[in-house]
Amino acid sequence: MEPASLENLCVLYHSANYIVVNKHWDIRIDSKMWYEKQTVQSQLKHRFPELADPGTYYGFRFSVTLLCAETNNYLNKHMYLISSSFVCILIFCRFCHQLDFSTSGALCVALNKAAAGHAYRCFKDRLVTKAYLALVRDIVAEEKMALDFAIGKNTTEGKTHMMCTEGTDGCENPKTCQTELTVLEYGEYDGDPVTKVLLQPLTGRTHQLRVHCSAIDHPIVGDYTYSLRTDNAPYRMMLHAYFLHIPLENEPIHVTAPDPFVPTLDSKWAPQRCVNVLEDLLKNILTQPQTEIREDPEPVHGRSSPVESEEQQAQCQQWLCEWNLD
C-alpha cells in the first residue's frame, strides 16, 4: 500500500460547496501541532493552491474574523489564536464529520458557511446514510446482527483514550448506540479466519463501530486499541468508510470510496465464500426508510413541529462559529 503523502489525495467529488476525498488510512484529518505537516488539511492545500492565502500564518483560509478575547470559549480545534487581546480566526474549511486516524474512506469537507450549515442540519437530523466495510476477526455466525450496546467514556486509568460499553468498569455517561452488521464474505487474512462485513451506524458515537465489533468478540483486524494491544501484525486497521449519502436539497451527495479489501490490493486477504453482494445491499440501504433512534426513554406526546432547545441552538452556533457570520 502506498504511504500517505501530500501528493496522493484522492478526490471523489468536488463542487463549489463541497469536496469529498478518499481519506488514506494513515493520515490525520487535521492537527494543531506545528510539527505534524501531513494531514488531510495540508493535502487539500497542496492540491488546491488557488484556495490558499499566502498572507496568513497558516497559509490557507476562507475568511477572517476578529473577536474579543472573551469569546475564546467558542474556539475549537479548527481555529487558531494569533494574539492575546484579539483573536484572528483563520478559517480553512469545515470537516462535516470525522474519521479516525486509522480509518480510510469517504470524508466530506464544506467550503463555505452556507454549505456547512446545510450539512450540519443533515447530520443533526440523522438524514445522512453511511456504510463502512471491515474485516473482523473469526467467523461471524449470524448473517445479520443489530448491535445496540450503549457506549460511554472509559475512565479507567490507562484507558481514558478509549470508549467502552455500558456495564463495564469505568464506563461513564453511556449513550444509546445502534449499528447494523451484515456479513459479506468469509475468508482468511494472513492465514487466520476473518469475516468481511458491512457496518451501517445508525448513531454516531466516538469509536462506535470499533467498540461494537469488539463487544461481540469480533474486533476489527488491525485494531490495536480495541484488541487490547494484541492485534499489531496488520499494516493497518481494516475499517473503511465505503459509502456516504448526504441528502442536501440543492446538491445531494452520493459517493462511494473504492473497496480496499480485495485480493488485488492486499494479497493477505483470501475470500472463500460470498454470503451477500455488496451492490445489492447498498440498493436496499438507499430504498429502506431511515431507522428512528429514540435516545430519550420518555414517551413523545404529539407530533408538533420540532422546536430547537437553547442547548441545540448553542450547539449549532458553536458548530458554525468557524465561519464568518457577518
# chains A, B, ... in the order shown; residues from 1 in each chain; ligands from 1
$ residues_around --residues "Asp169 of chain A" --least-positions-apart "5" --cutoff "12 Å" --atoms "only C-alpha atoms" --output "PyMOL selection string"
chain A and resi 152-157+159+163-164+174
$ closest_atom_pairs --of "segment 151-264 of chain A" --to "segment 117-121 of chain A" --cutoff "10 Å" --atoms "only C-alpha atoms" --output "tab-separated table"
residue	atom	partner	partner_atom	distance
A:Ile246	CA	A:Ala119	CA	7.4
A:Pro247	CA	A:Ala119	CA	8.8
A:Leu248	CA	A:His118	CA	6.9
A:Glu249	CA	A:His118	CA	8.5
A:Asn250	CA	A:His118	CA	9.7
A:Glu251	CA	A:His118	CA	10.0
$ write_last_selection --atoms "all heavy atoms" --output "compact mmCIF listing (two decimals), in the first residue's frame"
# COMPACT_ATOMS: atom_id res chain seq x y z
N ILE A 246 -25.43 12.27 1.54
CA ILE A 246 -25.93 13.44 2.27
C ILE A 246 -27.04 14.06 1.42
O ILE A 246 -26.77 14.61 0.35
CB ILE A 246 -24.81 14.47 2.51
CG1 ILE A 246 -23.59 13.81 3.16
CG2 ILE A 246 -25.32 15.61 3.39
CD1 ILE A 246 -22.41 14.75 3.37
N PRO A 247 -28.30 13.96 1.86
CA PRO A 247 -29.42 14.41 1.02
C PRO A 247 -29.64 15.92 1.07
O PRO A 247 -30.69 16.41 1.49
CB PRO A 247 -30.60 13.64 1.62
CG PRO A 247 -30.26 13.52 3.07
CD PRO A 247 -28.76 13.35 3.12
N LEU A 248 -28.66 16.67 0.62
CA LEU A 248 -28.78 18.12 0.56
C LEU A 248 -29.82 18.51 -0.49
O LEU A 248 -29.90 17.89 -1.56
CB LEU A 248 -27.43 18.74 0.21
CG LEU A 248 -26.31 18.47 1.22
CD1 LEU A 248 -24.95 18.63 0.57
CD2 LEU A 248 -26.45 19.39 2.43
N GLU A 249 -30.61 19.52 -0.18
CA GLU A 249 -31.75 19.85 -1.04
C GLU A 249 -31.32 20.22 -2.45
O GLU A 249 -31.90 19.76 -3.43
CB GLU A 249 -32.54 21.00 -0.41
CG GLU A 249 -33.80 21.36 -1.19
CD GLU A 249 -34.62 22.41 -0.48
OE1 GLU A 249 -34.28 22.78 0.66
OE2 GLU A 249 -35.60 22.90 -1.08
N ASN A 250 -30.30 21.07 -2.56
CA ASN A 250 -29.89 21.55 -3.88
C ASN A 250 -28.69 20.80 -4.46
O ASN A 250 -28.35 20.99 -5.63
CB ASN A 250 -29.56 23.04 -3.81
CG ASN A 250 -30.77 23.87 -3.43
OD1 ASN A 250 -31.88 23.62 -3.90
ND2 ASN A 250 -30.56 24.87 -2.58
N GLU A 251 -28.05 19.99 -3.64
CA GLU A 251 -26.83 19.31 -4.10
C GLU A 251 -26.64 18.00 -3.34
O GLU A 251 -25.75 17.87 -2.51
CB GLU A 251 -25.61 20.22 -3.90
CG GLU A 251 -24.33 19.67 -4.49
CD GLU A 251 -23.13 20.57 -4.18
OE1 GLU A 251 -23.33 21.73 -3.78
OE2 GLU A 251 -21.99 20.10 -4.35
$ closest_residue --among "A:Ala241, A:Val221, A:Leu199, A:Ala110" --to "His24 of chain A" --atoms "only C-alpha atoms"
A:Ala241
$ select_by_dssp --residues "segment 44-262 of chain A" --states "helix (DSSP H, G or I)" --output "number ranges by chain"
A: 44-47, 49-51, 69-74, 113-124, 208-215
$ residues_around --residues "Ala4 of chain A" --least-positions-apart "3" --cutoff "7 Å" --atoms "only C-alpha atoms" --output "list of chain:residue names"
A:Asn8, A:His24, A:Asp26, A:Ile27
$ select_by_dssp --residues "segment 86-317 of chain A" --states "strand (DSSP E or B)" --output "PyMOL selection string"
chain A and resi 86-90+94-95+104-110+129-137+144-147+151-154+163-165+171-175+179-189+192-201+220+239-246+253-256+269-274
$ closest_residue --among "A:Ala233, A:Leu6, A:Leu12, A:Leu228" --to "Thr39 of chain A" --atoms "only C-alpha atoms"
A:Leu6
$ closest_residue --among "A:Arg137, A:Lys175, A:His245, A:Lys283" --to "Arg210 of chain A" --atoms "only C-alpha atoms"
A:Arg137
$ atom_distance --atom1 "atom CA of Gln200 of chain A" --atom2 "atom CA of Glu180 of chain A"
5.1 Å
$ residues_around --residues "Gly222 of chain A" --least-positions-apart "5" --cutoff "9 Å" --atoms "only C-alpha atoms" --output "mmCIF file with all heavy atoms, in the first residue's frame"
data_model
loop_
_atom_site.group_PDB
_atom_site.id
_atom_site.type_symbol
_atom_site.label_atom_id
_atom_site.label_comp_id
_atom_site.auth_asym_id
_atom_site.auth_seq_id
_atom_site.Cartn_x
_atom_site.Cartn_y
_atom_site.Cartn_z
ATOM 1 N N LEU A 135 -12.959 -5.832 7.911
ATOM 2 C CA LEU A 135 -12.591 -7.222 8.142
ATOM 3 C C LEU A 135 -12.528 -7.397 9.651
ATOM 4 O O LEU A 135 -11.848 -6.638 10.344
ATOM 5 C CB LEU A 135 -11.229 -7.554 7.522
ATOM 6 C CG LEU A 135 -11.090 -7.411 6.008
ATOM 7 C CD1 LEU A 135 -9.678 -7.822 5.574
ATOM 8 C CD2 LEU A 135 -12.134 -8.234 5.275
ATOM 9 N N VAL A 136 -13.264 -8.385 10.170
ATOM 10 C CA VAL A 136 -13.275 -8.628 11.605
ATOM 11 C C VAL A 136 -12.749 -10.033 11.886
ATOM 12 O O VAL A 136 -12.832 -10.937 11.041
ATOM 13 C CB VAL A 136 -14.689 -8.453 12.209
ATOM 14 C CG1 VAL A 136 -15.201 -7.039 11.969
ATOM 15 C CG2 VAL A 136 -15.673 -9.468 11.638
ATOM 16 N N SER A 227 -8.289 -4.344 20.559
ATOM 17 C CA SER A 227 -7.885 -5.744 20.733
ATOM 18 C C SER A 227 -6.998 -5.848 21.972
ATOM 19 O O SER A 227 -6.338 -6.864 22.174
ATOM 20 C CB SER A 227 -7.117 -6.234 19.503
ATOM 21 O OG SER A 227 -5.878 -5.543 19.377
ATOM 22 N N THR A 230 -3.165 -6.385 21.221
ATOM 23 C CA THR A 230 -2.681 -7.693 20.772
ATOM 24 C C THR A 230 -2.615 -7.811 19.251
ATOM 25 O O THR A 230 -1.792 -8.557 18.721
ATOM 26 C CB THR A 230 -3.582 -8.817 21.316
ATOM 27 O OG1 THR A 230 -4.922 -8.621 20.839
ATOM 28 C CG2 THR A 230 -3.580 -8.815 22.841
ATOM 29 N N ASP A 231 -3.469 -7.080 18.535
ATOM 30 C CA ASP A 231 -3.545 -7.219 17.079
ATOM 31 C C ASP A 231 -2.661 -6.153 16.420
ATOM 32 O O ASP A 231 -3.131 -5.129 15.946
ATOM 33 C CB ASP A 231 -4.995 -7.063 16.622
ATOM 34 C CG ASP A 231 -5.216 -7.612 15.214
ATOM 35 O OD1 ASP A 231 -4.222 -7.968 14.557
ATOM 36 O OD2 ASP A 231 -6.387 -7.686 14.782
ATOM 37 N N ASN A 232 -1.368 -6.428 16.383
ATOM 38 C CA ASN A 232 -0.427 -5.436 15.868
ATOM 39 C C ASN A 232 0.305 -5.883 14.609
ATOM 40 O O ASN A 232 1.213 -5.199 14.148
ATOM 41 C CB ASN A 232 0.597 -5.071 16.947
ATOM 42 C CG ASN A 232 1.372 -6.290 17.438
ATOM 43 O OD1 ASN A 232 1.159 -7.398 16.952
ATOM 44 N ND2 ASN A 232 2.253 -6.083 18.393
ATOM 45 N N ALA A 233 -0.079 -7.016 14.036
ATOM 46 C CA ALA A 233 0.624 -7.517 12.858
ATOM 47 C C ALA A 233 0.200 -6.843 11.549
ATOM 48 O O ALA A 233 1.054 -6.497 10.731
ATOM 49 C CB ALA A 233 0.462 -9.029 12.748
ATOM 50 N N PRO A 234 -1.116 -6.614 11.316
ATOM 51 C CA PRO A 234 -1.511 -5.998 10.038
ATOM 52 C C PRO A 234 -0.948 -4.587 9.877
ATOM 53 O O PRO A 234 -0.695 -3.893 10.856
ATOM 54 C CB PRO A 234 -3.046 -5.971 10.132
ATOM 55 C CG PRO A 234 -3.386 -7.046 11.104
ATOM 56 C CD PRO A 234 -2.279 -7.026 12.113
ATOM 57 N N TYR A 235 -0.791 -4.176 8.635
ATOM 58 C CA TYR A 235 -0.197 -2.870 8.352
ATOM 59 C C TYR A 235 -1.170 -1.722 8.628
ATOM 60 O O TYR A 235 -0.766 -0.558 8.689
ATOM 61 C CB TYR A 235 0.281 -2.802 6.901
ATOM 62 C CG TYR A 235 -0.832 -2.776 5.875
ATOM 63 C CD1 TYR A 235 -1.302 -1.565 5.351
ATOM 64 C CD2 TYR A 235 -1.408 -3.958 5.403
ATOM 65 C CE1 TYR A 235 -2.309 -1.534 4.402
ATOM 66 C CE2 TYR A 235 -2.410 -3.940 4.458
ATOM 67 C CZ TYR A 235 -2.864 -2.728 3.966
ATOM 68 O OH TYR A 235 -3.865 -2.705 3.038
ATOM 69 N N ARG A 236 -2.474 -2.032 8.783
ATOM 70 C CA ARG A 236 -3.479 -1.001 9.025
ATOM 71 C C ARG A 236 -4.672 -1.620 9.748
ATOM 72 O O ARG A 236 -4.799 -2.837 9.859
ATOM 73 C CB ARG A 236 -3.973 -0.382 7.718
ATOM 74 C CG ARG A 236 -4.659 -1.381 6.792
ATOM 75 C CD ARG A 236 -5.522 -0.700 5.731
ATOM 76 N NE ARG A 236 -6.685 -0.049 6.333
ATOM 77 C CZ ARG A 236 -7.617 0.603 5.634
ATOM 78 N NH1 ARG A 236 -7.484 0.714 4.320
ATOM 79 N NH2 ARG A 236 -8.648 1.148 6.219
ATOM 80 N N MET A 237 -5.545 -0.761 10.249
ATOM 81 C CA MET A 237 -6.827 -1.225 10.754
ATOM 82 C C MET A 237 -7.784 -1.354 9.574
ATOM 83 O O MET A 237 -7.919 -0.436 8.762
ATOM 84 C CB MET A 237 -7.399 -0.246 11.782
ATOM 85 C CG MET A 237 -8.716 -0.706 12.384
ATOM 86 S SD MET A 237 -9.348 0.399 13.670
ATOM 87 C CE MET A 237 -9.813 1.828 12.679
ATOM 88 N N MET A 238 -8.463 -2.484 9.488
ATOM 89 C CA MET A 238 -9.279 -2.800 8.312
ATOM 90 C C MET A 238 -10.698 -2.256 8.451
ATOM 91 O O MET A 238 -11.679 -3.003 8.533
ATOM 92 C CB MET A 238 -9.302 -4.312 8.090
ATOM 93 C CG MET A 238 -7.929 -4.939 7.986
ATOM 94 S SD MET A 238 -7.003 -4.289 6.572
ATOM 95 C CE MET A 238 -5.415 -5.083 6.796
ATOM 96 N N LEU A 239 -10.794 -0.929 8.470
ATOM 97 C CA LEU A 239 -12.092 -0.251 8.537
ATOM 98 C C LEU A 239 -12.089 0.861 7.495
ATOM 99 O O LEU A 239 -11.181 1.696 7.471
ATOM 100 C CB LEU A 239 -12.330 0.316 9.936
ATOM 101 C CG LEU A 239 -13.655 1.069 10.148
ATOM 102 C CD1 LEU A 239 -14.851 0.146 9.913
ATOM 103 C CD2 LEU A 239 -13.708 1.671 11.549
#
$ closest_residue --among "A:Ile19, A:Cys96, A:Leu184, A:Ile139" --to "Cys122 of chain A" --atoms "only C-alpha atoms"
A:Cys96
